[in-house]
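**Student:** Got query.cif for you, mmCIF, C-alpha atoms and all ligand atoms:
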data_final
loop_
_atom_site.label_atom_id
_atom_site.label_comp_id
_atom_site.auth_asym_id
_atom_site.auth_seq_id
_atom_site.Cartn_x
_atom_site.Cartn_y
_atom_site.Cartn_z
CA MET U 1 -13.49 -0.84 -16.90
CA ASN U 2 -16.18 -1.46 -14.30
CA ARG U 3 -14.57 -3.45 -11.55
CA PRO U 4 -10.78 -3.50 -11.71
CA VAL U 5 -8.92 -6.67 -10.73
CA VAL U 6 -6.89 -5.96 -7.61
CA GLY U 7 -4.48 -8.56 -6.26
CA VAL U 8 -3.63 -9.02 -2.60
CA LEU U 9 -0.12 -10.30 -1.96
CA ALA U 10 -0.90 -13.59 -0.24
CA VAL U 11 2.35 -14.96 1.15
CA GLN U 12 1.59 -13.85 4.74
CA GLY U 13 -0.62 -11.38 6.62
CA ASP U 14 -4.25 -10.29 6.81
CA VAL U 15 -5.10 -11.16 3.20
CA ARG U 16 -8.75 -12.07 3.77
CA GLU U 17 -9.60 -8.74 5.37
CA HIS U 18 -8.20 -6.84 2.38
CA VAL U 19 -9.98 -9.12 -0.11
CA ARG U 20 -13.27 -8.37 1.64
CA ALA U 21 -12.67 -4.61 1.86
CA LEU U 22 -11.65 -4.40 -1.81
CA GLY U 23 -14.74 -6.33 -2.87
CA GLU U 24 -16.94 -3.91 -0.92
CA ALA U 25 -15.04 -0.94 -2.38
CA GLY U 26 -15.78 -1.97 -5.97
CA ALA U 27 -12.91 -4.21 -7.08
CA ASP U 28 -12.60 -7.89 -7.94
CA ALA U 29 -10.00 -9.01 -5.43
CA VAL U 30 -7.75 -12.01 -6.01
CA PRO U 31 -4.89 -13.48 -3.97
CA VAL U 32 -1.45 -13.24 -5.60
CA ARG U 33 1.18 -15.87 -4.91
CA ARG U 34 2.76 -16.42 -8.33
CA PRO U 35 4.32 -14.20 -10.96
CA ALA U 36 1.58 -15.22 -13.45
CA GLU U 37 -1.11 -14.05 -11.01
CA LEU U 38 0.75 -10.78 -10.50
CA ALA U 39 0.86 -10.23 -14.26
CA ALA U 40 -2.96 -10.34 -14.43
CA VAL U 41 -3.83 -7.60 -11.91
CA ASP U 42 -4.61 -3.89 -12.39
CA GLY U 43 -3.49 -3.04 -8.85
CA LEU U 44 -1.94 -4.75 -5.83
CA VAL U 45 -2.43 -4.56 -2.06
CA LEU U 46 0.34 -5.47 0.37
CA PRO U 47 -1.41 -6.53 3.58
CA GLY U 48 -0.51 -6.06 7.22
CA GLY U 49 1.48 -8.81 8.85
CA GLU U 50 5.18 -9.14 9.45
CA SER U 51 7.48 -7.46 6.97
CA THR U 52 10.53 -9.59 7.86
CA THR U 53 8.55 -12.76 7.04
CA MET U 54 7.01 -11.18 3.94
CA SER U 55 10.46 -10.13 2.76
CA ARG U 56 11.69 -13.71 3.10
CA LEU U 57 8.64 -15.29 1.48
CA VAL U 58 8.47 -13.01 -1.57
CA LYS U 59 11.95 -14.31 -2.41
CA VAL U 60 10.84 -17.94 -1.94
CA PHE U 61 7.77 -17.29 -4.15
CA GLU U 62 9.98 -15.48 -6.69
CA LEU U 63 7.92 -12.31 -6.45
CA LEU U 64 10.50 -9.75 -5.28
CA GLU U 65 11.81 -8.71 -8.68
CA PRO U 66 8.46 -9.11 -10.55
CA VAL U 67 6.72 -6.81 -8.03
CA ARG U 68 9.58 -4.29 -8.30
CA ALA U 69 9.28 -4.40 -12.07
CA ARG U 70 5.52 -3.79 -11.97
CA ILE U 71 5.99 -0.90 -9.52
CA ALA U 72 8.54 0.61 -11.91
CA GLY U 73 5.97 0.14 -14.68
CA GLY U 74 3.42 2.24 -12.80
CA LEU U 75 1.24 -0.44 -11.15
CA PRO U 76 -0.91 1.08 -8.39
CA VAL U 77 0.06 -0.50 -5.07
CA TYR U 78 -1.35 0.08 -1.59
CA GLY U 79 0.46 -1.15 1.52
CA SER U 80 -0.97 -1.21 5.05
CA CYS U 81 1.40 -1.47 8.03
CA ALA U 82 3.85 -4.25 7.08
CA GLY U 83 2.82 -3.40 3.50
CA MET U 84 3.92 0.21 4.09
CA ILE U 85 7.31 -1.11 5.19
CA MET U 86 7.50 -3.17 1.98
CA LEU U 87 7.00 0.02 -0.09
CA ALA U 88 9.64 2.04 1.75
CA GLY U 89 12.92 2.94 0.08
CA THR U 90 14.61 2.75 3.49
CA VAL U 91 13.61 0.68 6.55
CA LEU U 92 14.96 1.45 10.03
CA ASP U 93 14.96 -1.14 12.84
CA GLY U 94 14.49 -3.94 10.32
CA ARG U 95 16.39 -7.19 10.19
CA PRO U 96 19.76 -6.80 8.48
CA ASP U 97 18.70 -9.13 5.64
CA GLN U 98 15.22 -7.59 5.26
CA GLU U 99 14.40 -6.31 1.78
CA SER U 100 11.56 -4.10 0.66
CA PHE U 101 10.10 -3.60 -2.80
CA GLY U 102 10.71 0.12 -2.41
CA GLY U 103 8.96 2.64 -4.62
CA ILE U 104 8.08 5.34 -2.11
CA ASP U 105 10.92 7.75 -1.35
CA MET U 106 10.59 7.53 2.43
CA VAL U 107 12.31 6.28 5.55
CA VAL U 108 10.05 4.20 7.80
CA ARG U 109 10.81 2.92 11.26
CA ARG U 110 9.46 -0.54 12.14
CA ASN U 111 7.54 -0.96 15.40
CA ALA U 112 8.05 2.75 15.90
CA PHE U 113 5.22 3.35 18.36
CA GLY U 114 6.27 0.27 20.31
CA ARG U 115 8.51 2.04 22.74
CA GLN U 116 5.54 3.92 24.16
CA VAL U 117 2.50 1.91 23.10
CA ASP U 118 2.36 -1.33 21.16
CA SER U 119 -1.10 -1.01 19.69
CA PHE U 120 -3.59 1.81 19.86
CA GLU U 121 -6.51 3.45 18.10
CA THR U 122 -7.07 7.08 17.27
CA ASP U 123 -8.99 9.36 14.92
CA LEU U 124 -7.17 11.05 12.04
CA ALA U 125 -7.77 13.72 9.44
CA PHE U 126 -6.96 12.03 6.09
CA ALA U 127 -6.33 14.36 3.14
CA GLY U 128 -8.50 13.69 0.11
CA VAL U 129 -11.21 11.63 1.77
CA GLN U 130 -14.58 13.13 2.59
CA GLY U 131 -16.54 12.96 5.81
CA LYS U 132 -15.78 12.33 9.44
CA PRO U 133 -12.25 11.78 10.82
CA MET U 134 -10.91 8.31 10.12
CA HIS U 135 -10.74 5.84 12.96
CA ALA U 136 -7.29 4.24 12.68
CA VAL U 137 -6.07 1.00 14.29
CA PHE U 138 -2.31 0.69 14.82
CA ILE U 139 -0.75 -2.71 15.61
CA ARG U 140 3.03 -2.71 16.14
CA ALA U 141 2.97 -0.11 13.43
CA PRO U 142 5.71 1.74 11.59
CA TRP U 143 5.77 5.49 11.16
CA VAL U 144 7.30 7.53 8.37
CA GLU U 145 10.37 9.32 9.59
CA ARG U 146 11.36 11.18 6.41
CA THR U 147 9.80 11.77 3.02
CA GLY U 148 11.31 12.79 -0.32
CA PRO U 149 10.06 15.74 -2.36
CA GLU U 150 7.61 13.67 -4.44
CA VAL U 151 5.82 12.19 -1.44
CA GLU U 152 2.49 13.65 -0.39
CA VAL U 153 1.70 13.36 3.33
CA LEU U 154 -1.96 12.34 3.74
CA ALA U 155 -2.27 11.84 7.51
CA ARG U 156 -0.46 12.47 10.76
CA VAL U 157 -1.19 11.41 14.31
CA SER U 158 -2.71 14.25 16.28
CA GLY U 159 -2.12 14.41 20.02
CA GLY U 160 -0.43 12.06 22.46
CA VAL U 161 3.21 10.99 22.53
CA ALA U 162 3.34 10.41 18.76
CA ASP U 163 1.81 13.79 17.90
CA GLY U 164 2.69 14.86 14.34
CA ARG U 165 4.06 11.50 13.20
CA ILE U 166 3.33 10.73 9.52
CA VAL U 167 1.10 7.67 9.09
CA ALA U 168 -0.25 7.89 5.52
CA VAL U 169 1.50 8.89 2.30
CA ARG U 170 1.14 8.79 -1.45
CA GLN U 171 3.71 8.98 -4.22
CA GLY U 172 2.22 8.72 -7.71
CA ASN U 173 0.40 5.39 -7.92
CA LEU U 174 1.72 4.17 -4.57
CA LEU U 175 -0.28 4.57 -1.35
CA ALA U 176 0.70 3.51 2.18
CA THR U 177 -0.80 3.68 5.67
CA SER U 178 0.74 2.71 9.03
CA PHE U 179 -2.70 1.62 10.19
CA HIS U 180 -5.22 -1.04 9.13
CA PRO U 181 -8.39 0.27 7.44
CA GLU U 182 -9.14 -3.35 6.46
CA LEU U 183 -10.01 -4.00 10.12
CA THR U 184 -12.46 -1.19 10.82
CA GLY U 185 -15.10 -1.46 8.09
CA ASP U 186 -14.27 2.09 6.94
CA LEU U 187 -13.93 1.63 3.18
CA ARG U 188 -12.61 5.09 2.35
CA VAL U 189 -8.92 4.16 1.97
CA HIS U 190 -9.74 1.11 -0.16
CA GLY U 191 -12.17 3.30 -2.11
CA LEU U 192 -9.42 5.85 -2.74
CA PHE U 193 -7.13 3.05 -3.90
CA VAL U 194 -9.74 1.59 -6.27
CA GLU U 195 -10.11 5.11 -7.74
CA MET U 196 -6.33 5.23 -8.24
CA VAL U 197 -6.44 1.83 -10.00
CA LEU U 198 -9.28 2.98 -12.28
CA GLY U 199 -7.41 6.21 -13.05
CA ALA U 200 -4.21 4.36 -13.95
CA ALA U 201 -6.11 1.89 -16.16
CA LYS U 202 -7.78 4.78 -17.97
CA GLU U 203 -4.44 6.47 -18.59
CA ALA U 204 -2.92 3.23 -19.85
CA GLY U 205 -5.93 2.88 -22.18
CA HIS U 206 -5.42 6.42 -23.51
CA ALA U 207 -1.72 5.73 -24.10
CA ALA U 208 -2.59 2.50 -25.97
CA ASP U 209 -5.23 4.35 -28.04
CA ALA U 210 -2.76 7.09 -28.89
CA GLN U 211 -0.25 4.49 -30.01
CA THR U 212 -2.85 2.71 -32.17
CA ILE U 213 -3.82 6.01 -33.80
CA GLU U 214 -0.18 6.93 -34.32
CA GLU U 215 0.49 3.58 -35.96
CA ALA U 216 -2.65 3.90 -38.12
CA VAL U 217 -1.71 7.32 -39.49
CA ARG U 218 1.96 6.51 -40.02
N1 LIG W 1 5.56 -4.90 13.04
C1 LIG W 1 5.24 -5.46 11.77
C2 LIG W 1 6.42 -5.41 10.81
O1 LIG W 1 7.46 -5.02 11.16
C3 LIG W 1 4.06 -4.75 11.14
C4 LIG W 1 2.82 -5.01 11.95
C5 LIG W 1 1.55 -5.02 11.17
O2 LIG W 1 1.52 -5.15 9.93
N2 LIG W 1 0.45 -4.96 11.88
O3 LIG W 1 6.30 -5.81 9.69
#
Once more with this new file: its structure as structure tokens, please.
**Tutor:**
Amino acid sequence: MNRPVVGVLAVQGDVREHVRALGEAGADAVPVRRPAELAAVDGLVLPGGESTTMSRLVKVFELLEPVRARIAGGLPVYGSCAGMIMLAGTVLDGRPDQESFGGIDMVVRRNAFGRQVDSFETDLAFAGVQGKPMHAVFIRAPWVERTGPEVEVLARVSGGVADGRIVAVRQGNLLATSFHPELTGDLRVHGLFVEMVLGAAKEAGHAADAQTIEEAVR
């Protein structure tokens, strides 16, 4: 597979920015609004926006259960900001009727930085990416308050009132950041995600090959 097909959930949020970043990072990016479009992608991005609205609209577009099913099936998914909230097993300070897809064993708090600062920018060390610290833009962002044993912490805020807060995580094929790399032109997070998508496709290919061989020799 040369360029994987990566969908961007397109019910609400900064879809265009993710489509552009994915294209530059080596994927063919397509908007996803219907279950049939979801079925055709090798990976999915959940954009920034407003998780309460996204939660409502994925039900209207009949995508809540199909996305959950694909996550359970191992689909690589990356969520930024509101997208991180959509991947959280538990959401604090959400609306009572707000639902997430889940998938990452973590507790996130919506608008967590808001009490001190609504939006801010800072530089972060991001595990697994090469080069200079990552410039991160936070807009009414969540932070990760607790993580389960299978969750890898990739980045924390360093310094200031939110010092030490977790803002990037990975669990298996699921990746989430509190901040918006789609807005800064730094392609390293999207690049990491495209690598994850290629890796998952390769593994699925090996599994399919193994099954074909097994059937052939039976
Ligand atoms: N505060 C928004 C939410 O709760 C997230 C903001 C963002 O995605 N920039 O969903």
**Student:** Using all atoms listed in the file, which residues have at least one atom no more than 6 Å from ligand LIG 1 (chain W)? Output them as a PyMOL selection string.
**Tutor:** chain U and resi 48-52+81-82+110-111+139-141
**Student:** Extract, using only C-alpha atoms, all DNA, RNA and protein residues at most 12 Å from range 28-30 of chain U, discarding same-chain residues fewer than 4 positions from it, and format them as a compact mmCIF listing (two decimals) with C-alpha atoms, in the coordinates of the input.
**Tutor:**
# COMPACT_ATOMS: atom_id res chain seq x y z
CA MET U 1 -13.49 -0.84 -16.90
CA ASN U 2 -16.18 -1.46 -14.30
CA ARG U 3 -14.57 -3.45 -11.55
CA PRO U 4 -10.78 -3.50 -11.71
CA VAL U 5 -8.92 -6.67 -10.73
CA VAL U 6 -6.89 -5.96 -7.61
CA GLY U 7 -4.48 -8.56 -6.26
CA VAL U 8 -3.63 -9.02 -2.60
CA LEU U 9 -0.12 -10.30 -1.96
CA ALA U 10 -0.90 -13.59 -0.24
CA VAL U 15 -5.10 -11.16 3.20
CA ARG U 16 -8.75 -12.07 3.77
CA GLU U 17 -9.60 -8.74 5.37
CA HIS U 18 -8.20 -6.84 2.38
CA VAL U 19 -9.98 -9.12 -0.11
CA ARG U 20 -13.27 -8.37 1.64
CA ALA U 21 -12.67 -4.61 1.86
CA LEU U 22 -11.65 -4.40 -1.81
CA GLY U 23 -14.74 -6.33 -2.87
CA GLU U 24 -16.94 -3.91 -0.92
CA ARG U 34 2.76 -16.42 -8.33
CA GLU U 37 -1.11 -14.05 -11.01
CA LEU U 38 0.75 -10.78 -10.50
CA ALA U 40 -2.96 -10.34 -14.43
CA VAL U 41 -3.83 -7.60 -11.91
CA ASP U 42 -4.61 -3.89 -12.39
CA GLY U 43 -3.49 -3.04 -8.85
CA LEU U 44 -1.94 -4.75 -5.83
CA VAL U 45 -2.43 -4.56 -2.06
CA HIS U 190 -9.74 1.11 -0.16
CA VAL U 194 -9.74 1.59 -6.27
CA VAL U 197 -6.44 1.83 -10.00
**Student:** Quick one: distance from CA of Pro133 in chain U to CA of Val161 in chain U in Å, one decimal?
**Tutor:** 19.4 Å
**Student:** If you measure from CA of Gln171 in chain U to CA of Leu75 in chain U, what distance in Å do you get, rounded to one decimal?
**Tutor:**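 Separation between CA of Gln171 in chain U and CA of Leu75 in chain U: 12.0 Å.
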**Student:** When distances are computed from only C-alpha atoms, which of U:Gly13, U:Gly185, U:Gly160, U:Gly89 shows the smallest separation from Leu46 in chain U?
**Tutor:** U:Gly13
**Student:** In Å, rounded to a single decimal, give me how far CA of Pro35 in chain U is from CA of Asp97 in chain U.
**Tutor:** 22.5 Å
**Student:** In terms of the shortest atom-to-atom distance over all atoms listed in the file, which of U:Ala125, U:Ala200, U:Ala136, U:Pro31 is closest to Gly164 in chain U?
**Tutor:**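 Counting all atoms listed in the file, the residue closest to Gly164 in chain U is U:Ala125.
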**Student:** Quick one: everything within 12 Å of Pro149 in chain U, counting all atoms listed in the file, minus sequence neighbours fewer than 6 positions away in the same chain. Send it as a PyMOL selection string.
**Tutor:** chain U and resi 104-106+169-172
**Student:** Ranking U:Asp93, U:Asp186, U:Glu152, U:Asp163 by minimum distance to Ala25 in chain U and counting only C-alpha atoms, which one comes first?
**Tutor:**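 So, comparing all the options, the nearest one is U:Asp186.
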**Student:** Excluding Ile85 in chain U and any residue of its chain fewer than 3 positions from it, enumerate the residues within 9 Å of it, using only C-alpha atoms, and give them as a list in words.
**Tutor:**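 Result of the neighbour search: Ser51, Gly79, Ser80, Cys81, Ala82, Ala88, Gly89, Thr90, Val91, Ser100, Phe101, Gly102, Val107, Val108, Arg109, Arg110, Pro142, Ala176 and Ser178 of chain U.
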**Student:** Choose the residue, out of U:Glu62, U:Asp123, U:Glu195, U:Glu182, that has the smallest atom-to-atom separation from Gly159 in chain U; count all atoms listed in the file.
**Tutor:** U:Asp123
**Student:** Using only C-alpha atoms, pick whichever of U:Leu187, U:Leu174, U:Ala112, U:Ala208 has the shortest atom-to-atom distance to Gly131 in chain U.
**Tutor:** U:Leu187
**Student:** Within 10 Å of Met134 in chain U, counting only C-alpha atoms, which residues qualify if same-chain residues fewer than 5 places away don't, as a list in words?
**Tutor:**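 In the requested form, the answer reads Thr122, Asp123, Leu124, Ala125, Phe126, Val129, Ala155, Pro181, Thr184, Asp186, Arg188 and Val189 of chain U.
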**Student:** What's around Val11 in chain U at 7 Å? Count only C-alpha atoms, leave out sequence neighbours fewer than 2 positions away in its own chain, and write the answer as a PyMOL selection string.
**Tutor:** chain U and resi 9+33+54+57-58
**Student:** Reconstruct range 128-139 of chain U at the level of N, CA and C atoms, and format the result as an mmCIF file, in the frame of the given file.
**Tutor:**
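For reference, selection.cif as written:
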data_model
loop_
_atom_site.group_PDB
_atom_site.id
_atom_site.type_symbol
_atom_site.label_atom_id
_atom_site.label_comp_id
_atom_site.auth_asym_id
_atom_site.auth_seq_id
_atom_site.Cartn_x
_atom_site.Cartn_y
_atom_site.Cartn_z
ATOM 1 N N GLY U 128 -7.930 14.251 1.343
ATOM 2 C CA GLY U 128 -8.500 13.690 0.110
ATOM 3 C C GLY U 128 -9.662 12.747 0.323
ATOM 4 N N VAL U 129 -10.001 12.420 1.565
ATOM 5 C CA VAL U 129 -11.210 11.630 1.770
ATOM 6 C C VAL U 129 -12.253 12.512 2.477
ATOM 7 N N GLN U 130 -13.484 12.299 2.077
ATOM 8 C CA GLN U 130 -14.580 13.130 2.590
ATOM 9 C C GLN U 130 -15.091 12.564 3.915
ATOM 10 N N GLY U 131 -15.785 13.434 4.657
ATOM 11 C CA GLY U 131 -16.540 12.960 5.810
ATOM 12 C C GLY U 131 -15.792 13.037 7.123
ATOM 13 N N LYS U 132 -16.271 12.255 8.065
ATOM 14 C CA LYS U 132 -15.780 12.330 9.440
ATOM 15 C C LYS U 132 -14.313 11.890 9.527
ATOM 16 N N PRO U 133 -13.624 12.255 10.638
ATOM 17 C CA PRO U 133 -12.250 11.780 10.820
ATOM 18 C C PRO U 133 -12.192 10.258 10.725
ATOM 19 N N MET U 134 -11.031 9.750 10.331
ATOM 20 C CA MET U 134 -10.910 8.310 10.120
ATOM 21 C C MET U 134 -10.437 7.638 11.403
ATOM 22 N N HIS U 135 -11.162 6.596 11.794
ATOM 23 C CA HIS U 135 -10.740 5.840 12.960
ATOM 24 C C HIS U 135 -9.624 4.883 12.521
ATOM 25 N N ALA U 136 -8.462 4.999 13.141
ATOM 26 C CA ALA U 136 -7.290 4.240 12.680
ATOM 27 C C ALA U 136 -6.805 3.292 13.779
ATOM 28 N N VAL U 137 -6.567 2.029 13.372
ATOM 29 C CA VAL U 137 -6.070 1.000 14.290
ATOM 30 C C VAL U 137 -4.601 0.737 13.977
ATOM 31 N N PHE U 138 -3.755 0.904 14.976
ATOM 32 C CA PHE U 138 -2.310 0.690 14.820
ATOM 33 C C PHE U 138 -1.899 -0.552 15.602
ATOM 34 N N ILE U 139 -1.208 -1.482 14.951
ATOM 35 C CA ILE U 139 -0.750 -2.710 15.610
ATOM 36 C C ILE U 139 0.743 -2.882 15.328
#
